[in-house]
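Reproduced below: run.txt, with compact mmCIF, C-alpha atoms and all ligand atoms.
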```txt
# COMPACT_ATOMS: atom_id res chain seq x y z
CA SER A 265 102.50 -60.66 -47.08
CA PRO A 266 101.38 -64.27 -46.71
CA LYS A 267 104.98 -65.34 -46.12
CA GLN A 268 105.19 -63.07 -43.12
CA SER A 269 101.97 -64.36 -41.62
CA GLU A 270 103.31 -67.90 -41.60
CA ASP A 271 106.08 -66.77 -39.30
CA LEU A 272 103.95 -65.01 -36.73
CA ARG A 273 102.29 -66.88 -33.91
CA SER A 274 99.01 -65.79 -32.36
CA PRO A 275 99.40 -63.23 -29.60
CA ILE A 276 98.36 -64.36 -26.14
CA CYS A 277 96.04 -61.93 -24.38
CA CYS A 278 95.24 -62.26 -20.71
CA ILE A 279 92.04 -60.78 -19.33
CA MET A 280 92.38 -59.53 -15.75
CA GLY A 281 90.61 -57.40 -13.19
CA HIS A 282 88.55 -57.28 -10.01
CA VAL A 283 85.89 -59.92 -9.35
CA ASP A 284 82.65 -59.52 -11.32
CA THR A 285 83.84 -56.72 -13.59
CA GLY A 286 82.69 -58.88 -16.53
CA LYS A 287 85.84 -60.62 -17.79
CA THR A 288 84.18 -63.96 -18.55
CA LYS A 289 81.02 -62.28 -19.81
CA LEU A 290 83.06 -60.21 -22.29
CA LEU A 291 84.58 -63.43 -23.62
CA ASP A 292 81.13 -65.04 -23.75
CA CYS A 293 79.92 -62.09 -25.79
CA ILE A 294 82.75 -62.51 -28.31
CA ARG A 295 82.44 -66.32 -28.41
CA GLY A 296 78.67 -66.50 -28.41
CA THR A 297 78.82 -68.84 -25.39
CA ASN A 298 77.36 -68.97 -21.86
CA VAL A 299 80.36 -69.98 -19.80
CA GLN A 300 79.74 -67.38 -17.09
CA GLU A 301 76.21 -68.59 -16.35
CA GLY A 302 77.53 -72.10 -15.73
CA GLU A 303 80.12 -71.04 -13.15
CA ALA A 304 79.57 -71.95 -9.50
CA GLY A 305 78.45 -68.75 -7.77
CA GLY A 306 79.21 -66.84 -10.97
CA ILE A 307 82.86 -66.87 -9.95
CA THR A 308 85.75 -67.96 -12.15
CA GLN A 309 88.02 -70.34 -10.24
CA GLN A 310 90.44 -71.52 -12.94
CA ILE A 311 92.47 -70.09 -15.76
CA GLY A 312 90.70 -70.52 -19.09
CA ALA A 313 91.87 -70.38 -22.68
CA THR A 314 90.00 -69.69 -25.90
CA TYR A 315 91.31 -69.45 -29.44
CA PHE A 316 89.83 -66.74 -31.67
CA PRO A 317 90.67 -67.31 -35.34
CA ALA A 318 91.54 -64.24 -37.42
CA ALA A 319 88.38 -64.68 -39.52
CA ASN A 320 86.14 -64.21 -36.48
CA ILE A 321 88.02 -61.12 -35.39
CA ARG A 322 87.78 -59.65 -38.90
CA GLU A 323 84.03 -60.29 -38.95
CA ARG A 324 83.55 -58.72 -35.55
CA THR A 325 85.48 -55.54 -36.42
CA LYS A 326 84.14 -54.92 -39.94
CA GLU A 327 81.76 -52.12 -38.93
CA LEU A 328 84.78 -50.03 -37.96
CA LYS A 329 85.91 -50.12 -41.61
CA ALA A 330 89.47 -49.96 -40.39
CA ASP A 331 92.30 -51.93 -41.84
CA ALA A 332 91.78 -55.09 -39.86
CA THR A 333 94.24 -57.02 -41.98
CA LEU A 334 95.43 -59.71 -39.68
CA LYS A 335 99.01 -60.86 -40.00
CA VAL A 336 98.60 -63.18 -37.04
CA PRO A 337 96.64 -66.44 -37.33
CA GLY A 338 94.37 -65.48 -34.46
CA LEU A 339 94.35 -64.55 -30.81
CA LEU A 340 94.64 -66.83 -27.78
CA VAL A 341 92.75 -65.32 -24.87
CA ILE A 342 93.43 -66.38 -21.28
CA ASP A 343 90.63 -65.79 -18.76
CA THR A 344 91.63 -65.36 -15.10
CA PRO A 345 89.66 -65.20 -11.85
CA GLY A 346 89.18 -61.82 -10.17
CA HIS A 347 88.39 -63.15 -6.70
CA GLU A 348 91.01 -62.08 -4.17
CA SER A 349 91.98 -65.65 -3.25
CA PHE A 350 93.35 -66.41 -6.74
CA THR A 351 96.37 -64.12 -6.84
CA ASN A 352 98.55 -67.07 -7.95
CA LEU A 353 96.35 -67.67 -11.00
CA ARG A 354 96.40 -63.99 -11.97
CA SER A 355 100.15 -64.06 -11.65
CA ARG A 356 100.39 -67.19 -13.80
CA GLY A 357 98.06 -65.74 -16.44
CA SER A 358 99.89 -62.45 -16.62
CA GLY A 359 103.18 -64.34 -16.91
CA LEU A 360 102.00 -66.10 -20.07
CA CYS A 361 100.65 -63.21 -22.05
CA ASP A 362 101.96 -60.78 -24.64
CA ILE A 363 99.27 -58.22 -23.92
CA ALA A 364 96.45 -57.90 -21.39
CA ILE A 365 92.98 -56.47 -21.07
CA LEU A 366 92.40 -54.91 -17.68
CA VAL A 367 88.66 -54.82 -17.05
CA VAL A 368 87.18 -52.06 -14.88
CA ASP A 369 83.48 -51.75 -14.01
CA ILE A 370 82.44 -48.20 -15.01
CA MET A 371 80.02 -48.11 -12.06
CA HIS A 372 82.73 -49.07 -9.51
CA GLY A 373 85.97 -47.60 -10.83
CA LEU A 374 89.26 -49.06 -9.57
CA GLU A 375 88.94 -51.85 -6.96
CA PRO A 376 91.51 -53.84 -4.94
CA GLN A 377 92.17 -56.56 -7.53
CA THR A 378 92.23 -53.96 -10.32
CA ILE A 379 95.22 -52.47 -8.55
CA GLU A 380 96.75 -55.87 -7.82
CA SER A 381 96.42 -56.83 -11.50
CA LEU A 382 97.84 -53.47 -12.52
CA ASN A 383 100.88 -54.05 -10.34
CA LEU A 384 101.46 -57.50 -11.86
CA LEU A 385 101.33 -55.96 -15.34
CA LYS A 386 103.65 -53.11 -14.36
CA MET A 387 106.11 -55.55 -12.80
CA ARG A 388 106.39 -57.51 -16.04
CA LYS A 389 106.15 -54.39 -18.23
CA THR A 390 103.22 -55.97 -20.04
CA GLU A 391 101.26 -53.76 -22.42
CA PHE A 392 97.56 -53.61 -21.71
CA ILE A 393 94.29 -52.05 -22.79
CA ILE A 394 91.62 -51.03 -20.29
CA ALA A 395 88.08 -52.22 -20.98
CA LEU A 396 85.75 -49.88 -19.09
CA ASN A 397 82.89 -52.33 -18.93
CA LYS A 398 79.15 -52.24 -18.19
CA VAL A 399 78.48 -48.93 -20.00
CA ASP A 400 74.95 -50.26 -20.60
CA ARG A 401 74.31 -49.72 -16.90
CA LEU A 402 74.50 -45.94 -17.23
CA TYR A 403 71.03 -44.55 -16.52
CA ASP A 404 68.94 -44.24 -19.71
CA TRP A 405 71.63 -45.82 -21.93
CA LYS A 406 70.29 -46.60 -25.42
CA ALA A 407 71.87 -49.81 -26.59
CA ARG A 408 72.88 -50.51 -30.16
CA ARG A 409 73.93 -54.16 -30.18
CA ASN A 410 77.55 -54.96 -31.05
CA SER A 411 78.13 -51.37 -32.13
CA PRO A 412 81.50 -49.66 -32.22
CA ILE A 413 81.53 -47.33 -29.23
CA GLY A 414 81.72 -44.06 -31.22
CA MET A 415 78.49 -44.82 -33.08
CA THR A 416 76.59 -45.71 -29.92
CA LEU A 417 77.82 -42.67 -28.00
CA LYS A 418 76.41 -40.46 -30.79
CA LYS A 419 72.97 -41.84 -30.01
CA GLN A 420 72.99 -41.06 -26.29
CA THR A 421 71.30 -38.05 -24.68
CA LYS A 422 73.23 -35.11 -23.27
CA ASP A 423 72.58 -36.38 -19.74
CA VAL A 424 73.90 -39.87 -20.48
CA LEU A 425 76.99 -38.40 -22.14
CA SER A 426 77.63 -36.12 -19.21
CA GLU A 427 77.36 -39.06 -16.78
CA PHE A 428 79.63 -41.13 -19.04
CA ASN A 429 82.24 -38.35 -19.16
CA ARG A 430 82.06 -37.82 -15.40
CA ARG A 431 82.75 -41.53 -14.74
CA VAL A 432 85.51 -41.75 -17.35
CA THR A 433 87.21 -38.69 -15.85
CA HIS A 434 86.98 -40.25 -12.39
CA VAL A 435 88.59 -43.50 -13.59
CA ILE A 436 91.37 -41.56 -15.37
CA THR A 437 92.04 -39.73 -12.09
CA GLN A 438 92.14 -43.03 -10.18
CA PHE A 439 94.69 -44.45 -12.64
CA LYS A 440 96.71 -41.24 -12.32
CA GLU A 441 96.86 -41.90 -8.57
CA GLN A 442 98.44 -45.26 -9.46
CA GLY A 443 101.05 -43.45 -11.54
CA LEU A 444 99.47 -44.24 -14.87
CA ASN A 445 98.35 -42.00 -17.74
CA THR A 446 95.17 -43.24 -19.38
CA GLU A 447 92.83 -41.84 -22.03
CA LEU A 448 89.84 -42.93 -24.10
CA TYR A 449 91.44 -44.78 -26.99
CA TYR A 450 89.99 -42.59 -29.72
CA LYS A 451 91.52 -39.53 -28.03
CA ASN A 452 94.83 -41.18 -27.24
CA LYS A 453 97.57 -39.53 -29.29
CA GLU A 454 100.48 -41.23 -27.53
CA MET A 455 99.81 -44.95 -27.45
CA GLY A 456 102.58 -46.61 -25.50
CA GLU A 457 102.97 -43.72 -23.04
CA THR A 458 99.30 -43.34 -22.33
CA PHE A 459 97.21 -46.45 -21.84
CA SER A 460 94.00 -46.70 -23.84
CA ILE A 461 90.52 -47.07 -22.39
CA VAL A 462 87.84 -48.80 -24.47
CA PRO A 463 84.29 -48.43 -23.12
CA THR A 464 82.48 -51.77 -23.49
CA SER A 465 79.40 -53.73 -22.58
CA ALA A 466 79.47 -57.50 -22.35
CA VAL A 467 75.68 -57.52 -22.38
CA THR A 468 75.09 -55.45 -25.52
CA GLY A 469 78.45 -56.09 -27.24
CA GLU A 470 79.04 -52.36 -27.60
CA GLY A 471 82.72 -51.42 -27.83
CA ILE A 472 83.80 -54.99 -28.52
CA PRO A 473 84.73 -54.27 -32.17
CA ASP A 474 86.96 -51.44 -30.91
CA LEU A 475 88.57 -53.64 -28.26
CA LEU A 476 89.39 -56.44 -30.73
CA LEU A 477 90.71 -54.09 -33.40
CA LEU A 478 92.91 -52.24 -30.94
CA LEU A 479 94.31 -55.50 -29.57
CA VAL A 480 95.23 -56.84 -32.96
CA GLN A 481 96.56 -53.56 -34.37
CA TRP A 482 98.63 -52.86 -31.30
CA THR A 483 100.21 -56.30 -31.06
CA GLN A 484 100.99 -56.39 -34.78
CA LYS A 485 102.46 -52.91 -34.71
CA THR A 486 104.65 -53.24 -31.65
CA MET A 487 105.34 -56.94 -31.06
CA VAL A 488 106.37 -58.43 -34.38
CA GLU A 489 109.68 -59.56 -32.96
CA LYS A 490 108.13 -61.11 -29.89
CA LEU A 491 105.48 -62.79 -32.04
CA THR A 492 107.88 -64.23 -34.57
CA PHE A 493 107.43 -67.95 -34.40
CA SER A 494 110.25 -69.90 -32.77
CA ASP A 495 110.75 -73.68 -32.80
CA GLU A 496 111.72 -73.79 -29.18
CA VAL A 497 108.81 -75.23 -27.21
CA GLN A 498 107.53 -73.00 -24.44
CA CYS A 499 104.62 -74.64 -22.69
CA THR A 500 102.96 -74.16 -19.28
CA VAL A 501 100.54 -76.43 -17.43
CA LEU A 502 97.28 -74.71 -16.47
CA GLU A 503 95.34 -77.60 -14.96
CA VAL A 504 95.64 -81.29 -14.20
CA LYS A 505 92.24 -82.90 -14.79
CA VAL A 506 90.67 -86.34 -14.97
CA ILE A 507 88.49 -86.64 -18.07
CA GLU A 508 86.22 -89.62 -18.58
CA GLY A 509 87.65 -91.82 -21.30
CA LEU A 510 91.02 -90.04 -21.32
CA GLY A 511 92.27 -90.53 -17.78
CA THR A 512 94.34 -87.77 -16.21
CA THR A 513 94.99 -85.01 -18.74
CA ILE A 514 96.74 -81.67 -18.58
CA ASP A 515 95.52 -78.40 -20.03
CA VAL A 516 98.49 -76.41 -21.23
CA VAL A 517 99.21 -73.14 -22.96
CA LEU A 518 101.67 -73.61 -25.79
CA VAL A 519 103.33 -70.19 -26.03
CA ASN A 520 105.85 -71.11 -28.72
CA GLY A 521 107.00 -74.07 -30.80
CA VAL A 522 105.14 -77.13 -32.10
CA LEU A 523 103.89 -80.19 -30.23
CA HIS A 524 103.42 -83.56 -31.99
CA GLU A 525 101.56 -86.68 -31.05
CA GLY A 526 104.17 -89.10 -29.71
CA ASP A 527 106.57 -86.37 -28.52
CA GLN A 528 108.49 -87.36 -25.43
CA ILE A 529 107.75 -84.72 -22.79
CA VAL A 530 109.29 -83.95 -19.44
CA GLY A 531 107.47 -82.29 -16.58
CA PRO A 532 107.91 -83.76 -13.17
CA ILE A 533 107.62 -87.07 -15.09
CA VAL A 534 108.84 -88.36 -18.45
CA THR A 535 106.07 -89.56 -20.76
CA SER A 536 104.90 -89.51 -24.38
CA ILE A 537 101.99 -87.52 -25.77
CA ARG A 538 99.19 -89.99 -26.51
CA ALA A 539 96.69 -87.44 -27.78
CA LEU A 540 96.80 -83.73 -28.57
CA LEU A 541 93.36 -82.23 -28.19
CA THR A 542 91.90 -78.76 -28.48
CA PRO A 543 88.41 -77.43 -27.97
CA HIS A 544 86.83 -76.08 -31.16
CA PRO A 545 87.77 -72.48 -32.01
CA MET A 546 85.78 -69.96 -29.92
CA LYS A 547 85.21 -72.56 -27.18
CA GLU A 548 86.64 -72.41 -23.67
CA ILE A 549 89.09 -75.18 -22.79
CA ARG A 550 88.01 -75.31 -19.14
CA VAL A 551 84.44 -76.21 -20.14
CA LYS A 552 83.77 -79.84 -20.96
CA GLY A 553 82.93 -80.23 -24.62
CA ALA A 554 83.89 -81.86 -27.88
CA TYR A 555 87.59 -81.97 -28.62
CA MET A 556 89.45 -81.85 -31.91
CA GLN A 557 92.35 -84.27 -32.20
CA HIS A 558 95.59 -83.18 -33.88
CA LYS A 559 98.79 -84.84 -35.11
CA GLU A 560 100.63 -81.61 -34.40
CA ILE A 561 99.80 -78.15 -33.10
CA LYS A 562 101.63 -74.89 -33.58
CA ALA A 563 101.72 -72.13 -30.96
CA ALA A 564 100.00 -70.25 -29.61
CA GLN A 565 97.24 -72.59 -28.47
CA GLY A 566 95.43 -73.92 -25.43
CA ILE A 567 95.81 -77.71 -25.58
CA LYS A 568 94.63 -80.71 -23.65
CA ILE A 569 97.28 -83.44 -23.54
CA ALA A 570 96.51 -87.06 -22.76
CA ALA A 571 99.42 -89.27 -21.70
CA GLN A 572 100.35 -91.82 -19.06
CA GLY A 573 101.46 -90.63 -15.66
CA LEU A 574 100.00 -87.14 -15.89
CA GLU A 575 98.56 -87.44 -12.38
CA HIS A 576 102.06 -86.37 -11.32
CA ALA A 577 101.99 -83.15 -13.37
CA ILE A 578 101.81 -79.85 -11.50
CA ALA A 579 99.86 -76.75 -12.54
CA GLY A 580 102.08 -73.75 -13.16
CA THR A 581 105.17 -75.74 -14.20
CA SER A 582 106.70 -75.99 -17.67
CA ILE A 583 106.64 -78.93 -20.05
CA TYR A 584 109.82 -79.69 -22.00
CA VAL A 585 110.06 -81.69 -25.21
CA VAL A 586 112.93 -84.09 -25.78
CA GLY A 587 114.26 -83.48 -29.29
CA PRO A 588 116.40 -85.92 -31.31
CA ASP A 589 119.63 -84.17 -30.26
CA ASP A 590 118.66 -83.58 -26.63
CA ASP A 591 119.99 -85.32 -23.57
CA LEU A 592 117.10 -86.56 -21.43
CA GLU A 593 119.03 -86.11 -18.18
CA ASP A 594 119.75 -82.41 -18.97
CA ILE A 595 116.09 -81.79 -19.62
CA LYS A 596 115.07 -83.59 -16.42
CA GLU A 597 117.45 -81.28 -14.55
CA ALA A 598 115.89 -78.19 -16.17
CA ALA A 599 112.40 -79.44 -15.29
CA LYS A 600 113.38 -79.94 -11.64
CA GLU A 601 114.34 -76.27 -11.37
CA ASP A 602 110.81 -75.15 -12.18
P1 LIG B 1 85.26 -63.32 -11.93
O1 LIG B 1 85.83 -64.16 -13.00
O2 LIG B 1 84.53 -64.13 -10.93
O3 LIG B 1 86.27 -62.42 -11.34
O4 LIG B 1 84.14 -62.34 -12.57
P2 LIG B 1 84.17 -61.73 -14.05
O5 LIG B 1 85.00 -60.50 -14.09
O6 LIG B 1 84.49 -62.80 -15.03
O7 LIG B 1 82.67 -61.21 -14.23
P3 LIG B 1 81.48 -62.06 -14.84
O8 LIG B 1 81.66 -62.28 -16.27
O9 LIG B 1 81.30 -63.25 -13.97
O10 LIG B 1 80.28 -61.05 -14.65
C1 LIG B 1 79.85 -60.69 -13.35
C2 LIG B 1 78.41 -60.20 -13.40
O11 LIG B 1 78.32 -58.97 -14.11
C3 LIG B 1 77.47 -61.16 -14.12
O12 LIG B 1 76.22 -61.14 -13.47
C4 LIG B 1 77.34 -60.56 -15.50
O13 LIG B 1 76.14 -60.87 -16.13
C5 LIG B 1 77.43 -59.07 -15.19
N1 LIG B 1 78.01 -58.31 -16.29
C6 LIG B 1 79.19 -58.54 -16.89
N2 LIG B 1 79.42 -57.65 -17.85
C7 LIG B 1 78.36 -56.84 -17.88
C8 LIG B 1 77.99 -55.70 -18.67
O14 LIG B 1 78.72 -55.24 -19.56
N3 LIG B 1 76.81 -55.10 -18.38
C9 LIG B 1 75.98 -55.55 -17.40
N4 LIG B 1 74.83 -54.90 -17.20
N5 LIG B 1 76.28 -56.62 -16.64
C10 LIG B 1 77.46 -57.25 -16.89
MG MG B 2 85.19 -64.70 -14.76
NA NA B 3 82.12 -63.45 -11.73
```
For the file at hand, write its structure as structure tokens.
Amino acid sequence: SPKQSEDLRSPICCIMGHVDTGKTKLLDCIRGTNVQEGEAGGITQQIGATYFPAANIRERTKELKADATLKVPGLLVIDTPGHESFTNLRSRGSGLCDIAILVVDIMHGLEPQTIESLNLLKMRKTEFIIALNKVDRLYDWKARRNSPIGMTLKKQTKDVLSEFNRRVTHVITQFKEQGLNTELYYKNKEMGETFSIVPTSAVTGEGIPDLLLLLVQWTQKTMVEKLTFSDEVQCTVLEVKVIEGLGTTIDVVLVNGVLHEGDQIVGPIVTSIRALLTPHPMKEIRVKGAYMQHKEIKAAQGIKIAAQGLEHAIAGTSIYVVGPDDDLEDIKEAAKED
């Protein structure tokens, strides 16, 4: 019902995995952007955030003719680096999310940072879906752009299918060695016990409808309580950045609650929000672009905050909001413990 949807916040989905498995490229494919091609060395070195409104997800999943009724306003997706030196950022990303996508390259199988990511997810008991990416690289693959995976598999030759099945079986065995039951999502009869694998291609868009639908259905089915909107602000700093014309800003993920222009906030410093900015929907916050300015923003969102004194802010710490009944000194104490 519409009433219910007002009370649910957008789920936060973190995308994780070994370097170059195609995490950013998958997001580019959904967004219709070219973020990956603009990265130095093709390597992600920061946490990113992109908001996908429900309408875009509905559009992208319509060929599946499933009930893609979205009760959530959208999906906030957090991109993380796969390079081994960014363990702290993977940890931070996985700590923010409600659900994750673990990306595995079908040609490589499980790799060191796949296993590291897996262990972070296990530690926090975070639900996740496996995207078995780069299926288009299978020899003689016939691409059908943006197709649900079932329809494109039907078009492949016996040899391609046999190679596909061989690689899927190998990956399932590798996950088993990590103590995890996995299965292709359309064969998975025990979601929750057995983790689902969605074959995808970030180049052809194949399997992306399936991935989006599964994400939304699964979060709505199992996380309603966790996704019920709460007024208590939960907000983490991703980056501290100087932006021409704005001075030092912070990029934050607002997990819960509402932020208003003028709110008094406490991080390592006490200041007031001068401007609340977001990139446009389907745009990456870590890429310089046009911002939308807001009087208030409801979670979940990736937000750029402009305020005085933000050069003292620290990535990875929380931001607290001083409410009318709050004692500033108490909140400063809480912030110090971060
Ligand atoms: P890091 O963020 O640096 O860990 O990498 P990533 O996982 O975000 O991978 P990225 O998106 O940078 O892609 C790595 C390379 O793989 C790029 O050259 C992409 O074009 C290519 N690639 C990604 N996905 C696919 C795919 O589905 N098929 C093919 N053929 N190439 C892909
Ligand atoms: Mg990347
Ligand atoms: Na990369």
Original post:
So which residues touch region 567-584 of chain A within 7 Å, counting all atoms listed in the file, skipping near sequence neighbours fewer than 2 positions away, as number ranges by chain?
Top reply: A: 356, 497, 499-504, 510, 512-517, 529-533, 535-542, 565, 586, 602
For chain A against ligand NA 3 (chain B), with a cut-off of 10 Å and counting only C-alpha atoms and all ligand atoms, what is the closest atom pair and its distance in Å to one decimal for every residue that makes the cut, ordered by chain and number, as a tab-separated table?
```
residue	atom	partner	partner_atom	distance
A:His282	CA	B:NA3	NA	9.1
A:Val283	CA	B:NA3	NA	5.7
A:Asp284	CA	B:NA3	NA	4.0
A:Thr285	CA	B:NA3	NA	7.2
A:Gly286	CA	B:NA3	NA	6.7
A:Lys287	CA	B:NA3	NA	7.7
A:Thr288	CA	B:NA3	NA	7.1
A:Lys289	CA	B:NA3	NA	8.2
A:Gln300	CA	B:NA3	NA	7.1
A:Glu301	CA	B:NA3	NA	9.1
A:Glu303	CA	B:NA3	NA	8.0
A:Ala304	CA	B:NA3	NA	9.2
A:Gly305	CA	B:NA3	NA	7.6
A:Gly306	CA	B:NA3	NA	4.5
A:Ile307	CA	B:NA3	NA	3.9
A:Thr308	CA	B:NA3	NA	5.8
A:Gln309	CA	B:NA3	NA	9.2
A:Pro345	CA	B:NA3	NA	7.7
A:Gly346	CA	B:NA3	NA	7.4
A:His347	CA	B:NA3	NA	8.0
```
**OP:** Give me, please, the distance in Å between CA of Gln528 (chain A) and CA of Phe493 (chain A), quoted to one decimal.
**Re:**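 Interatomic distance, CA of Gln528 (chain A) to CA of Phe493 (chain A): 21.4 Å.
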For the point (108.2, -68.8, -39.8) in the file's frame, write as a PDB file with C-alpha atoms, keeping the file's coordinate frame all residues with an atom no more than 7 Å away, counting only C-alpha atoms.
```
ATOM      1  CA  GLU A 270     103.310 -67.900 -41.600  1.00  0.00           C
ATOM      2  CA  ASP A 271     106.080 -66.770 -39.300  1.00  0.00           C
ATOM      3  CA  LEU A 272     103.950 -65.010 -36.730  1.00  0.00           C
ATOM      4  CA  THR A 492     107.880 -64.230 -34.570  1.00  0.00           C
ATOM      5  CA  PHE A 493     107.430 -67.950 -34.400  1.00  0.00           C
TER       6      PHE A 493
END
```
Subject >> Spatial neighbours of Ala319 (chain A), max dist 9 Å, all atoms listed in the file, sep filter under 6 positions, as a list in words >> reply: Leu334, Pro337 and Gly338 of chain A
For the residues selected in the previous step, produce a file with C-alpha atoms as a PDB file, in the frame of the given file.
```pdb
ATOM      1  CA  LEU A 334      95.430 -59.710 -39.680  1.00  0.00           C
ATOM      2  CA  PRO A 337      96.640 -66.440 -37.330  1.00  0.00           C
ATOM      3  CA  GLY A 338      94.370 -65.480 -34.460  1.00  0.00           C
TER       4      GLY A 338
END
```
Edge lengths and centre in Å, axis-aligned, region 483-497 of chain A plus 5 Å each side, as JSON:
```
{"center_x": 106.0, "center_y": -64.1, "center_z": -31.0, "size_x": 21.5, "size_y": 32.3, "size_z": 17.6}
```
**OP:** Can you pull out every residue within 7 Å of Ser465 (chain A), counting all atoms listed in the file, but drop anything in the same chain fewer than 5 positions away, and send it as a PyMOL selection string?
**Re:** chain A and resi 397-400+470-471
Original post:
Excluding same-chain residues fewer than 4 positions from Glu496 (chain A), what lies within 12 Å of it counting only C-alpha atoms, as a list of chain:residue names?
Top reply: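 My reading of the contact set: A:Thr492, A:Leu518, A:Val519, A:Asn520, A:Gly521, A:Val522, A:Leu523, A:Lys562, A:Ala563, A:Ile583, A:Tyr584, A:Val585, A:Val586, A:Gly587.
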Subject >> Atomic separation - CA of Thr297 (chain A) relative to CA of Val435 (chain A), Å >> reply: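 Straight-line distance from CA of Val435 (chain A) to CA of Thr297 (chain A) works out to 29.6 Å.
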Original post:
Using all atoms listed in the file, which residue out of A:Glu427, A:Asp495, A:Asp474, A:Asp292 lies closest to Gly312 (chain A)?
Top reply: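 That would be A:Asp292, the residue with the smallest distance to Gly312 (chain A).
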Original post:
From the set A:Leu475, A:Val299, A:Ile294, A:Ile370, which residue has the shortest atom-to-atom contact distance to ligand MG 2 (chain B), counting only C-alpha atoms and all ligand atoms?
Top reply: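 Using only C-alpha atoms and all ligand atoms, the shortest distance to ligand MG 2 (chain B) belongs to A:Val299.
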**OP:** One decimal, Å: what's the distance from CA of Asp404 (chain A) over to CA of Lys419 (chain A), could you say?
**Re:**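 Between CA of Asp404 (chain A) and CA of Lys419 (chain A) the gap works out to 11.3 Å.
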Original post:
Which residues come within 12 Å of Thr351 (chain A), counting all atoms listed in the file, excluding same-chain residues fewer than 5 positions away, as JSON, numbers by chain?
Top reply: {"A": [280, 281, 282, 283, 309, 310, 311, 344, 345, 346, 356, 357, 358, 376, 377, 378, 379, 380, 381, 383, 384]}
Would you mind exporting C-alpha atoms of the selected residues as a short mmCIF file (atom, residue, chain, number, x, y, z; two decimals), keeping the file's coordinate frame?
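Result file follows (again.cif):
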```
data_model
loop_
_atom_site.label_atom_id
_atom_site.label_comp_id
_atom_site.auth_asym_id
_atom_site.auth_seq_id
_atom_site.Cartn_x
_atom_site.Cartn_y
_atom_site.Cartn_z
CA MET A 280 92.38 -59.53 -15.75
CA GLY A 281 90.61 -57.40 -13.19
CA HIS A 282 88.55 -57.28 -10.01
CA VAL A 283 85.89 -59.92 -9.35
CA GLN A 309 88.02 -70.34 -10.24
CA GLN A 310 90.44 -71.52 -12.94
CA ILE A 311 92.47 -70.09 -15.76
CA THR A 344 91.63 -65.36 -15.10
CA PRO A 345 89.66 -65.20 -11.85
CA GLY A 346 89.18 -61.82 -10.17
CA ARG A 356 100.39 -67.19 -13.80
CA GLY A 357 98.06 -65.74 -16.44
CA SER A 358 99.89 -62.45 -16.62
CA PRO A 376 91.51 -53.84 -4.94
CA GLN A 377 92.17 -56.56 -7.53
CA THR A 378 92.23 -53.96 -10.32
CA ILE A 379 95.22 -52.47 -8.55
CA GLU A 380 96.75 -55.87 -7.82
CA SER A 381 96.42 -56.83 -11.50
CA ASN A 383 100.88 -54.05 -10.34
CA LEU A 384 101.46 -57.50 -11.86
#
```
**OP:** Go through A:Phe316, A:Arg273, A:Glu548, A:Glu597 and flag the residue nearest ligand MG 2 (chain B), using all atoms listed in the file for the distances.
**Re:**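 Checking each of A:Phe316, A:Arg273, A:Glu548, A:Glu597 against ligand MG 2 (chain B), counting all atoms listed in the file, the winner is A:Glu548.
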Subject >> Given all atoms listed in the file as the counted atoms, nearest of A:Leu476, A:Ala564, A:Leu374, A:Val462 to Gln498 (chain A) >> reply: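 For Gln498 (chain A), the nearest of the given residues is A:Ala564.
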Original post:
Hey, which of A:Ser494, A:Asn320, A:Thr325, A:Thr464 ends up closest to Ile413 (chain A)? Count all atoms listed in the file.
Top reply: A:Thr464
Subject >> Residue nearest ligand LIG 1 (chain B) among A:Asp369, A:Glu327, A:Asp362, A:Glu489 (counting all atoms listed in the file) >> reply: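 That would be A:Asp369, the residue with the smallest distance to ligand LIG 1 (chain B).
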Coordinate excerpt as a PDB file, in the first residue's frame: region 304-323 of chain A, C-alpha atoms:
```pdb
ATOM      1  CA  ALA A 304      43.057   6.244 -13.133  1.00  0.00           C
ATOM      2  CA  GLY A 305      44.454   2.902 -14.293  1.00  0.00           C
ATOM      3  CA  GLY A 306      40.903   1.552 -14.455  1.00  0.00           C
ATOM      4  CA  ILE A 307      41.076   1.049 -10.698  1.00  0.00           C
ATOM      5  CA  THR A 308      38.483   2.258  -8.199  1.00  0.00           C
ATOM      6  CA  GLN A 309      40.197   4.026  -5.302  1.00  0.00           C
ATOM      7  CA  GLN A 310      37.255   5.448  -3.338  1.00  0.00           C
ATOM      8  CA  ILE A 311      33.855   4.379  -2.134  1.00  0.00           C
ATOM      9  CA  GLY A 312      31.122   5.581  -4.471  1.00  0.00           C
ATOM     10  CA  ALA A 313      27.390   5.997  -4.087  1.00  0.00           C
ATOM     11  CA  THR A 314      24.591   6.093  -6.640  1.00  0.00           C
ATOM     12  CA  TYR A 315      20.865   6.390  -6.124  1.00  0.00           C
ATOM     13  CA  PHE A 316      18.615   4.291  -8.366  1.00  0.00           C
ATOM     14  CA  PRO A 317      14.985   5.444  -8.221  1.00  0.00           C
ATOM     15  CA  ALA A 318      12.301   2.744  -8.205  1.00  0.00           C
ATOM     16  CA  ALA A 319      11.056   3.852 -11.636  1.00  0.00           C
ATOM     17  CA  ASN A 320      14.408   3.046 -13.250  1.00  0.00           C
ATOM     18  CA  ILE A 321      14.537  -0.359 -11.612  1.00  0.00           C
ATOM     19  CA  ARG A 322      10.979  -1.118 -12.750  1.00  0.00           C
ATOM     20  CA  GLU A 323      11.871  -0.137 -16.316  1.00  0.00           C
TER      21      GLU A 323
END
```
